[in-house]
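The data block below is input_39.txt; it holds compact mmCIF, C-alpha atoms and all ligand atoms.
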```
# COMPACT_ATOMS: atom_id res chain seq x y z
CA MET C 205 53.22 -30.49 29.31
CA GLU C 206 54.93 -33.77 28.41
CA SER C 207 54.03 -36.37 30.95
CA ASP C 208 57.32 -38.12 31.75
CA THR C 209 60.44 -36.40 30.56
CA ILE C 210 62.67 -37.44 33.43
CA THR C 211 65.99 -38.25 31.81
CA GLU C 212 68.38 -37.76 34.70
CA GLY C 213 68.93 -39.28 38.09
CA PRO C 214 68.98 -42.84 39.39
CA LEU C 215 65.32 -43.47 38.54
CA ALA C 216 65.29 -42.09 34.99
CA GLN C 217 65.32 -45.53 33.37
CA ALA C 218 63.23 -47.23 36.01
CA LYS C 219 59.92 -48.16 34.42
CA LEU C 220 59.24 -51.21 36.57
CA TYR C 221 59.65 -51.04 40.34
CA GLY C 222 60.05 -54.53 41.78
CA ILE C 223 59.40 -55.46 45.39
CA LEU C 224 60.79 -58.38 47.35
CA ASP C 225 57.86 -58.98 49.69
CA THR C 226 58.14 -61.44 52.57
CA GLY C 227 54.42 -62.15 52.13
CA TYR C 228 55.16 -63.96 48.87
CA VAL C 229 58.77 -65.13 48.98
CA GLU C 230 60.43 -67.41 51.52
CA VAL C 231 63.40 -65.62 53.00
CA GLU C 232 65.70 -68.44 51.84
CA ASN C 233 64.57 -67.86 48.27
CA MET C 234 64.77 -64.06 48.28
CA MET C 235 68.22 -63.71 46.81
CA HIS C 236 67.28 -65.94 43.89
CA VAL C 237 64.03 -64.04 43.21
CA ALA C 238 65.88 -60.73 43.49
CA SER C 239 68.32 -61.80 40.82
CA GLN C 240 65.44 -62.86 38.56
CA LEU C 241 63.74 -59.46 38.96
CA LEU C 242 67.02 -57.71 38.21
CA GLU C 243 67.88 -59.94 35.24
CA GLY C 244 64.36 -59.33 33.95
CA GLY C 245 64.94 -55.59 33.94
CA ALA C 246 63.36 -54.19 37.11
CA GLY C 247 64.77 -50.68 37.51
CA VAL C 248 64.26 -50.32 41.27
CA LEU C 249 64.16 -53.01 43.95
CA GLN C 250 62.53 -52.63 47.36
CA LEU C 251 62.65 -54.91 50.39
CA ARG C 252 59.20 -54.97 52.01
CA ALA C 253 58.78 -57.01 55.18
CA LYS C 254 55.42 -56.17 56.73
CA GLY C 255 55.09 -57.40 60.31
CA TYR C 256 58.84 -57.09 60.91
CA ASP C 257 60.22 -54.38 63.15
CA ALA C 258 63.39 -52.48 62.26
CA GLU C 259 65.60 -55.01 64.02
CA GLY C 260 63.88 -57.85 62.19
CA VAL C 261 64.36 -56.28 58.77
CA LEU C 262 68.01 -55.62 59.53
CA ALA C 263 68.55 -59.22 60.68
CA LEU C 264 66.69 -60.60 57.65
CA ALA C 265 68.71 -58.52 55.23
CA ARG C 266 72.01 -59.34 56.91
CA LYS C 267 71.30 -63.05 57.04
CA HIS C 268 69.61 -63.67 53.70
CA LEU C 269 70.36 -60.67 51.48
CA ALA C 270 73.96 -59.83 52.28
CA ASP C 271 74.91 -59.80 48.59
CA LEU C 272 71.90 -57.82 47.40
CA PRO C 273 73.29 -54.26 47.66
CA ALA C 274 76.25 -55.32 45.50
CA LEU C 275 74.00 -57.13 43.01
CA CYS C 276 71.80 -54.04 42.71
CA ARG C 277 74.88 -51.89 42.16
CA LYS C 278 76.05 -54.26 39.42
CA HIS C 279 72.71 -53.76 37.65
CA GLN C 280 72.77 -50.03 38.48
CA VAL C 281 69.43 -50.42 40.20
CA PRO C 282 68.62 -48.51 43.42
CA PHE C 283 68.00 -50.71 46.46
CA ILE C 284 65.21 -49.32 48.65
CA ILE C 285 64.09 -50.27 52.16
CA ASN C 286 60.43 -49.99 53.04
CA ASP C 287 59.38 -48.17 56.22
CA PHE C 288 62.64 -47.87 58.18
CA PRO C 289 65.05 -44.99 57.43
CA ASP C 290 67.53 -46.16 60.08
CA VAL C 291 67.65 -49.65 58.53
CA ALA C 292 68.26 -48.13 55.10
CA VAL C 293 71.26 -46.29 56.55
CA ALA C 294 72.57 -49.35 58.40
CA LEU C 295 72.41 -51.46 55.24
CA GLY C 296 73.94 -48.82 52.99
CA ALA C 297 70.78 -48.85 50.85
CA ASP C 298 70.12 -46.27 48.15
CA GLY C 299 66.75 -45.21 49.44
CA VAL C 300 63.81 -45.58 51.78
CA HIS C 301 60.09 -45.67 51.07
CA ILE C 302 57.54 -44.32 53.55
CA GLY C 303 53.76 -44.13 53.84
CA GLN C 304 51.39 -41.26 54.58
CA ASP C 305 51.58 -41.91 58.33
CA ASP C 306 55.35 -42.16 58.53
CA GLY C 307 56.12 -38.49 59.17
CA SER C 308 57.58 -35.70 57.10
CA LEU C 309 60.33 -35.78 54.54
CA ALA C 310 62.34 -33.41 56.73
CA ALA C 311 62.24 -35.91 59.61
CA VAL C 312 63.39 -38.74 57.33
CA ARG C 313 66.18 -36.56 55.89
CA GLN C 314 67.51 -36.05 59.43
CA VAL C 315 68.13 -39.79 59.56
CA VAL C 316 69.19 -40.59 55.99
CA GLY C 317 70.90 -37.37 54.93
CA SER C 318 70.52 -35.52 51.67
CA GLU C 319 71.73 -38.12 49.18
CA MET C 320 69.40 -41.03 49.74
CA LEU C 321 66.26 -41.46 47.61
CA VAL C 322 63.08 -41.01 49.61
CA GLY C 323 59.74 -42.11 48.19
CA ARG C 324 56.19 -41.66 49.48
CA SER C 325 53.02 -43.72 49.06
CA THR C 326 50.11 -41.56 47.87
CA HIS C 327 46.44 -42.41 47.46
CA SER C 328 44.90 -39.27 45.95
CA VAL C 329 45.74 -36.40 43.60
CA GLU C 330 46.14 -34.09 46.61
CA GLN C 331 48.60 -36.42 48.33
CA ALA C 332 50.56 -36.91 45.11
CA GLN C 333 50.89 -33.17 44.52
CA GLY C 334 51.68 -32.66 48.21
CA ALA C 335 54.53 -35.17 48.05
CA LEU C 336 56.01 -33.35 45.05
CA ALA C 337 55.73 -29.99 46.84
CA GLU C 338 57.39 -31.46 49.95
CA GLY C 339 60.34 -32.64 47.88
CA PHE C 340 60.07 -36.43 47.70
CA ASP C 341 62.17 -38.08 45.01
CA TYR C 342 59.36 -40.25 43.67
CA ILE C 343 55.88 -41.43 44.57
CA GLY C 344 53.81 -44.57 44.48
CA PHE C 345 50.21 -43.82 43.41
CA GLY C 346 47.46 -46.27 44.24
CA PRO C 347 46.27 -48.86 44.97
CA LEU C 348 44.64 -48.64 41.56
CA PHE C 349 42.76 -51.88 42.26
CA PRO C 350 42.04 -53.64 45.55
CA THR C 351 44.88 -56.06 46.23
CA PRO C 352 45.66 -58.76 48.80
CA THR C 353 49.16 -57.29 49.08
CA LYS C 354 47.71 -54.17 50.76
CA GLN C 355 44.60 -55.32 52.56
CA GLY C 356 41.97 -52.92 53.84
CA ARG C 357 42.59 -50.22 51.28
CA PRO C 358 40.07 -49.61 48.48
CA GLY C 359 41.14 -49.30 44.87
CA ILE C 360 41.22 -45.67 43.72
CA GLY C 361 40.62 -46.54 40.07
CA LEU C 362 42.28 -45.31 36.95
CA GLU C 363 40.55 -41.93 36.54
CA ASN C 364 43.19 -39.78 38.22
CA ILE C 365 46.33 -41.34 36.80
CA ARG C 366 46.52 -38.90 33.93
CA VAL C 367 46.27 -35.74 36.02
CA VAL C 368 48.88 -37.06 38.47
CA GLN C 369 51.15 -38.09 35.63
CA GLU C 370 50.82 -34.66 34.03
CA THR C 371 51.21 -32.56 37.17
CA VAL C 372 53.63 -34.68 39.20
CA GLY C 373 55.13 -37.13 36.73
CA CYS C 374 56.76 -34.35 34.75
CA GLU C 375 58.92 -33.56 37.81
CA ILE C 376 59.47 -36.84 39.67
CA PRO C 377 58.77 -40.46 38.75
CA VAL C 378 55.21 -41.63 39.46
CA PHE C 379 54.90 -45.39 39.94
CA CYS C 380 51.32 -46.62 39.67
CA ILE C 381 50.71 -49.49 42.09
CA GLY C 382 48.13 -51.92 43.34
CA GLY C 383 46.69 -54.87 41.46
CA VAL C 384 48.74 -54.17 38.35
CA LYS C 385 49.33 -57.38 36.36
CA PRO C 386 50.48 -58.32 32.89
CA ASP C 387 46.77 -58.82 32.06
CA ASN C 388 45.73 -55.25 32.86
CA LEU C 389 48.98 -53.45 32.07
CA GLU C 390 47.76 -52.25 28.70
CA LEU C 391 44.70 -50.66 30.33
CA VAL C 392 46.83 -49.04 33.06
CA LEU C 393 49.18 -47.60 30.44
CA ALA C 394 46.26 -46.42 28.29
CA SER C 395 45.01 -44.57 31.39
CA GLY C 396 48.21 -42.51 31.46
CA ALA C 397 50.62 -44.52 33.60
CA ARG C 398 54.26 -44.56 32.49
CA ARG C 399 55.84 -46.48 35.37
CA VAL C 400 54.44 -49.22 37.58
CA VAL C 401 55.10 -51.27 40.68
CA ILE C 402 54.09 -54.92 40.42
CA VAL C 403 54.39 -57.17 43.45
CA SER C 404 52.30 -60.36 43.56
CA ALA C 405 51.82 -60.87 39.83
CA LEU C 406 55.60 -61.11 39.38
CA LEU C 407 56.53 -62.86 42.62
CA LEU C 408 53.90 -65.55 42.01
CA ALA C 409 54.71 -65.95 38.31
CA GLU C 410 55.92 -69.35 37.17
CA ASP C 411 58.98 -67.76 35.59
CA VAL C 412 59.73 -64.52 37.43
CA GLN C 413 62.50 -63.46 35.09
CA SER C 414 60.62 -63.87 31.81
CA SER C 415 57.41 -62.32 33.22
CA THR C 416 59.48 -59.36 34.42
CA ARG C 417 61.11 -59.06 31.02
CA GLU C 418 57.74 -59.04 29.24
CA VAL C 419 56.40 -56.29 31.52
CA VAL C 420 59.54 -54.19 31.05
CA SER C 421 59.25 -54.60 27.31
CA SER C 422 55.60 -53.41 27.33
CA LEU C 423 56.59 -50.42 29.48
CA GLY C 424 59.37 -49.54 27.07
CA GLU C 425 56.97 -49.56 24.14
CA SER C 426 54.59 -47.21 25.92
CA SER C 427 57.07 -44.38 26.47
N1 LIG H 1 50.88 -49.96 48.22
C1 LIG H 1 49.76 -49.71 47.55
S1 LIG H 1 49.19 -51.10 46.77
C2 LIG H 1 50.49 -52.02 47.33
C3 LIG H 1 51.32 -51.24 48.11
C4 LIG H 1 52.54 -51.69 48.77
C5 LIG H 1 50.68 -53.46 47.02
C6 LIG H 1 50.81 -53.75 45.56
O1 LIG H 1 50.97 -55.13 45.39
P1 LIG H 1 50.37 -55.93 44.16
O2 LIG H 1 50.54 -57.37 44.57
O3 LIG H 1 51.17 -55.59 42.96
O4 LIG H 1 48.92 -55.55 44.05
MG MG H 2 55.12 -47.80 55.34
```
Give the structure from the file, written as structure tokens.
Ligand code: TZP
Ligand code: MG
Amino acid sequence: MESDTITEGPLAQAKLYGILDTGYVEVENMMHVASQLLEGGAGVLQLRAKGYDAEGVLALARKHLADLPALCRKHQVPFIINDFPDVAVALGADGVHIGQDDGSLAAVRQVVGSEMLVGRSTHSVEQAQGALAEGFDYIGFGPLFPTPTKQGRPGIGLENIRVVQETVGCEIPVFCIGGVKPDNLELVLASGARRVVIVSALLLAEDVQSSTREVVSSLGESS
């Protein structure tokens, strides 16, 4: 079976999933960094604010990212909220991303309805296939390598990317995540990945926009 033949839906063109992470970007600078990720060609944008509760994320987004939903719409890029379905609804986001311990898809759908994108973090082949069976719109698969962005979780390596890409990635987008950088992107792609999430290596880049553009260009060549 072809490994990534997804040609329809809001994530079809999304090869690079960008994340605005409060661990790396000052809140005052978030709008600027978001526009660099979008100008560089990120095809999805998530707000990730670990250590914030739902109220905190809502306040942060309202104060510092009021123009972001419109900017994402202009670029035709889905805007995703990490962890909090109710915040995603309140902000009029396009989706929400949840982890393994954040309950079932059915429970999230009760909050966000049937239209919103819902993604799941997965850390094994079984979890990836389970998320597809449950009906998630996309998955993150990793961390491939240990990463300071997600402390306390071991790297799962590159061995299982291909089987996940072939069994899950033919139905829903699979974004490989965790320690992916411009330096190892070629290896990650050679291991079967077709789409990636990159957090720190882009947010800490000297020129976020041009680094993003280079990654997107490498991803385009691989498909
Ligand atoms: N989930 C698995 S790894 C990870 C998340 C949110 C963090 C990835 O960040 P980085 O900086 O690209 O390694
Ligand atoms: Mg979570």
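Proximity of C:Gly373, C:Gly296, C:Gly396, C:Gly339 to Leu309 of chain C, computed with only C-alpha atoms, is greatest for C:Gly339.
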To one decimal in Å, tell me the separation between atom CA of Gly245 of chain C and atom CA of Thr416 of chain C.
-> 6.7 Å
Write out as a ChimeraX atom specification each polymer residue (protein, DNA or RNA) that has an atom no more than 9 Å from ligand MG 2 (chain H), with all atoms listed in the file counted.
-> /C:252,254,286-288,301-306,324-325
Can I get the residues of chain C within 6 Å of ligand LIG 1 (chain H), each with the closest pair of atoms and their distance in Å to one decimal, using all atoms listed in the file, sorted chain first then ascending number, as a Markdown table?
```
| residue | atom | partner | partner_atom | distance |
| --- | --- | --- | --- | --- |
| C:Gly346 | CA | H:LIG1 | C1 | 5.3 |
| C:Pro347 | CA | H:LIG1 | S1 | 4.1 |
| C:Thr351 | CA | H:LIG1 | O4 | 4.6 |
| C:Thr353 | CA | H:LIG1 | C5 | 4.6 |
| C:Lys354 | CA | H:LIG1 | C5 | 4.8 |
| C:Ile381 | CA | H:LIG1 | S1 | 5.2 |
| C:Gly382 | CA | H:LIG1 | S1 | 3.7 |
| C:Gly383 | CA | H:LIG1 | O4 | 3.5 |
| C:Val384 | CA | H:LIG1 | O3 | 5.4 |
| C:Ile402 | CA | H:LIG1 | O3 | 3.9 |
| C:Val403 | CA | H:LIG1 | O3 | 3.6 |
| C:Ser404 | CA | H:LIG1 | O2 | 3.6 |
```
Please, could you write that set of residues out with C-alpha atoms as a PDB file, in the frame of the given file?
```pdb
ATOM      1  CA  GLY C 346      47.460 -46.270  44.240  1.00  0.00           C
ATOM      2  CA  PRO C 347      46.270 -48.860  44.970  1.00  0.00           C
ATOM      3  CA  THR C 351      44.880 -56.060  46.230  1.00  0.00           C
ATOM      4  CA  THR C 353      49.160 -57.290  49.080  1.00  0.00           C
ATOM      5  CA  LYS C 354      47.710 -54.170  50.760  1.00  0.00           C
ATOM      6  CA  ILE C 381      50.710 -49.490  42.090  1.00  0.00           C
ATOM      7  CA  GLY C 382      48.130 -51.920  43.340  1.00  0.00           C
ATOM      8  CA  GLY C 383      46.690 -54.870  41.460  1.00  0.00           C
ATOM      9  CA  VAL C 384      48.740 -54.170  38.350  1.00  0.00           C
ATOM     10  CA  ILE C 402      54.090 -54.920  40.420  1.00  0.00           C
ATOM     11  CA  VAL C 403      54.390 -57.170  43.450  1.00  0.00           C
ATOM     12  CA  SER C 404      52.300 -60.360  43.560  1.00  0.00           C
TER      13      SER C 404
END
```
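Put simply, atom CA of Cys380 of chain C is 19.2 Å away from atom CA of Leu408 of chain C.
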Can you find the residues with an atom no farther than 12 Å from (49.6, -58.1, 28.6), counting all atoms listed in the file, and report them as JSON, numbers by chain?
-> {"C": [384, 385, 386, 387, 388, 389, 390, 391, 392, 393, 405, 415, 416, 417, 418, 419, 420, 421, 422, 423]}
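With all atoms listed in the file as the atoms that count, the minimum distance from Ile376 of chain C to the choices C:Thr226, C:Gln333, C:Asn364, C:Gln280 is reached by C:Gln333.
With atom CA of Val231 of chain C on one side and atom CA of Leu269 of chain C on the other, the separation reads 8.7 Å.
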Kindly reconstruct segment 245-268 of chain C with N, CA and C atoms and present the result as a CSV table (one decimal), in the frame of the given file.
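Result file follows (out-v2.csv):
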```
chain,number,residue,atom,x,y,z
C,245,GLY,N,64.9,-57.0,34.3
C,245,GLY,CA,64.9,-55.6,33.9
C,245,GLY,C,64.2,-54.6,34.9
C,246,ALA,N,63.9,-55.1,36.1
C,246,ALA,CA,63.4,-54.2,37.1
C,246,ALA,C,64.4,-53.1,37.3
C,247,GLY,N,63.9,-51.8,37.4
C,247,GLY,CA,64.8,-50.7,37.5
C,247,GLY,C,64.9,-50.1,38.9
C,248,VAL,N,64.2,-50.6,39.8
C,248,VAL,CA,64.3,-50.3,41.3
C,248,VAL,C,63.9,-51.6,42.0
C,249,LEU,N,64.5,-51.8,43.2
C,249,LEU,CA,64.2,-53.0,44.0
C,249,LEU,C,64.0,-52.6,45.4
C,250,GLN,N,62.8,-53.0,46.0
C,250,GLN,CA,62.5,-52.6,47.4
C,250,GLN,C,62.4,-53.9,48.2
C,251,LEU,N,62.9,-53.8,49.4
C,251,LEU,CA,62.6,-54.9,50.4
C,251,LEU,C,61.5,-54.5,51.3
C,252,ARG,N,60.4,-55.3,51.2
C,252,ARG,CA,59.2,-55.0,52.0
C,252,ARG,C,58.9,-56.2,52.9
C,253,ALA,N,59.0,-55.9,54.2
C,253,ALA,CA,58.8,-57.0,55.2
C,253,ALA,C,57.8,-56.6,56.2
C,254,LYS,N,56.5,-56.6,55.8
C,254,LYS,CA,55.4,-56.2,56.7
C,254,LYS,C,55.4,-57.1,57.9
C,255,GLY,N,55.1,-56.6,59.1
C,255,GLY,CA,55.1,-57.4,60.3
C,255,GLY,C,56.5,-57.5,61.0
C,256,TYR,N,57.5,-57.1,60.3
C,256,TYR,CA,58.8,-57.1,60.9
C,256,TYR,C,59.1,-55.7,61.5
C,257,ASP,N,59.8,-55.7,62.7
C,257,ASP,CA,60.2,-54.4,63.2
C,257,ASP,C,61.6,-54.1,62.5
C,258,ALA,N,62.1,-52.9,62.9
C,258,ALA,CA,63.4,-52.5,62.3
C,258,ALA,C,64.5,-53.5,62.5
C,259,GLU,N,64.6,-54.0,63.7
C,259,GLU,CA,65.6,-55.0,64.0
C,259,GLU,C,65.4,-56.3,63.2
C,260,GLY,N,64.2,-56.7,63.0
C,260,GLY,CA,63.9,-57.8,62.2
C,260,GLY,C,64.3,-57.7,60.7
C,261,VAL,N,64.0,-56.5,60.2
C,261,VAL,CA,64.4,-56.3,58.8
C,261,VAL,C,65.9,-56.3,58.6
C,262,LEU,N,66.5,-55.7,59.6
C,262,LEU,CA,68.0,-55.6,59.5
C,262,LEU,C,68.6,-57.0,59.6
C,263,ALA,N,68.1,-57.8,60.5
C,263,ALA,CA,68.6,-59.2,60.7
C,263,ALA,C,68.3,-60.0,59.4
C,264,LEU,N,67.1,-59.9,58.9
C,264,LEU,CA,66.7,-60.6,57.6
C,264,LEU,C,67.6,-60.2,56.5
C,265,ALA,N,67.9,-59.0,56.3
C,265,ALA,CA,68.7,-58.5,55.2
C,265,ALA,C,70.1,-59.0,55.4
C,266,ARG,N,70.6,-58.9,56.7
C,266,ARG,CA,72.0,-59.3,56.9
C,266,ARG,C,72.2,-60.8,56.7
C,267,LYS,N,71.2,-61.6,57.1
C,267,LYS,CA,71.3,-63.0,57.0
C,267,LYS,C,71.1,-63.6,55.6
C,268,HIS,N,70.0,-63.0,55.0
C,268,HIS,CA,69.6,-63.7,53.7
C,268,HIS,C,69.9,-62.8,52.5
```
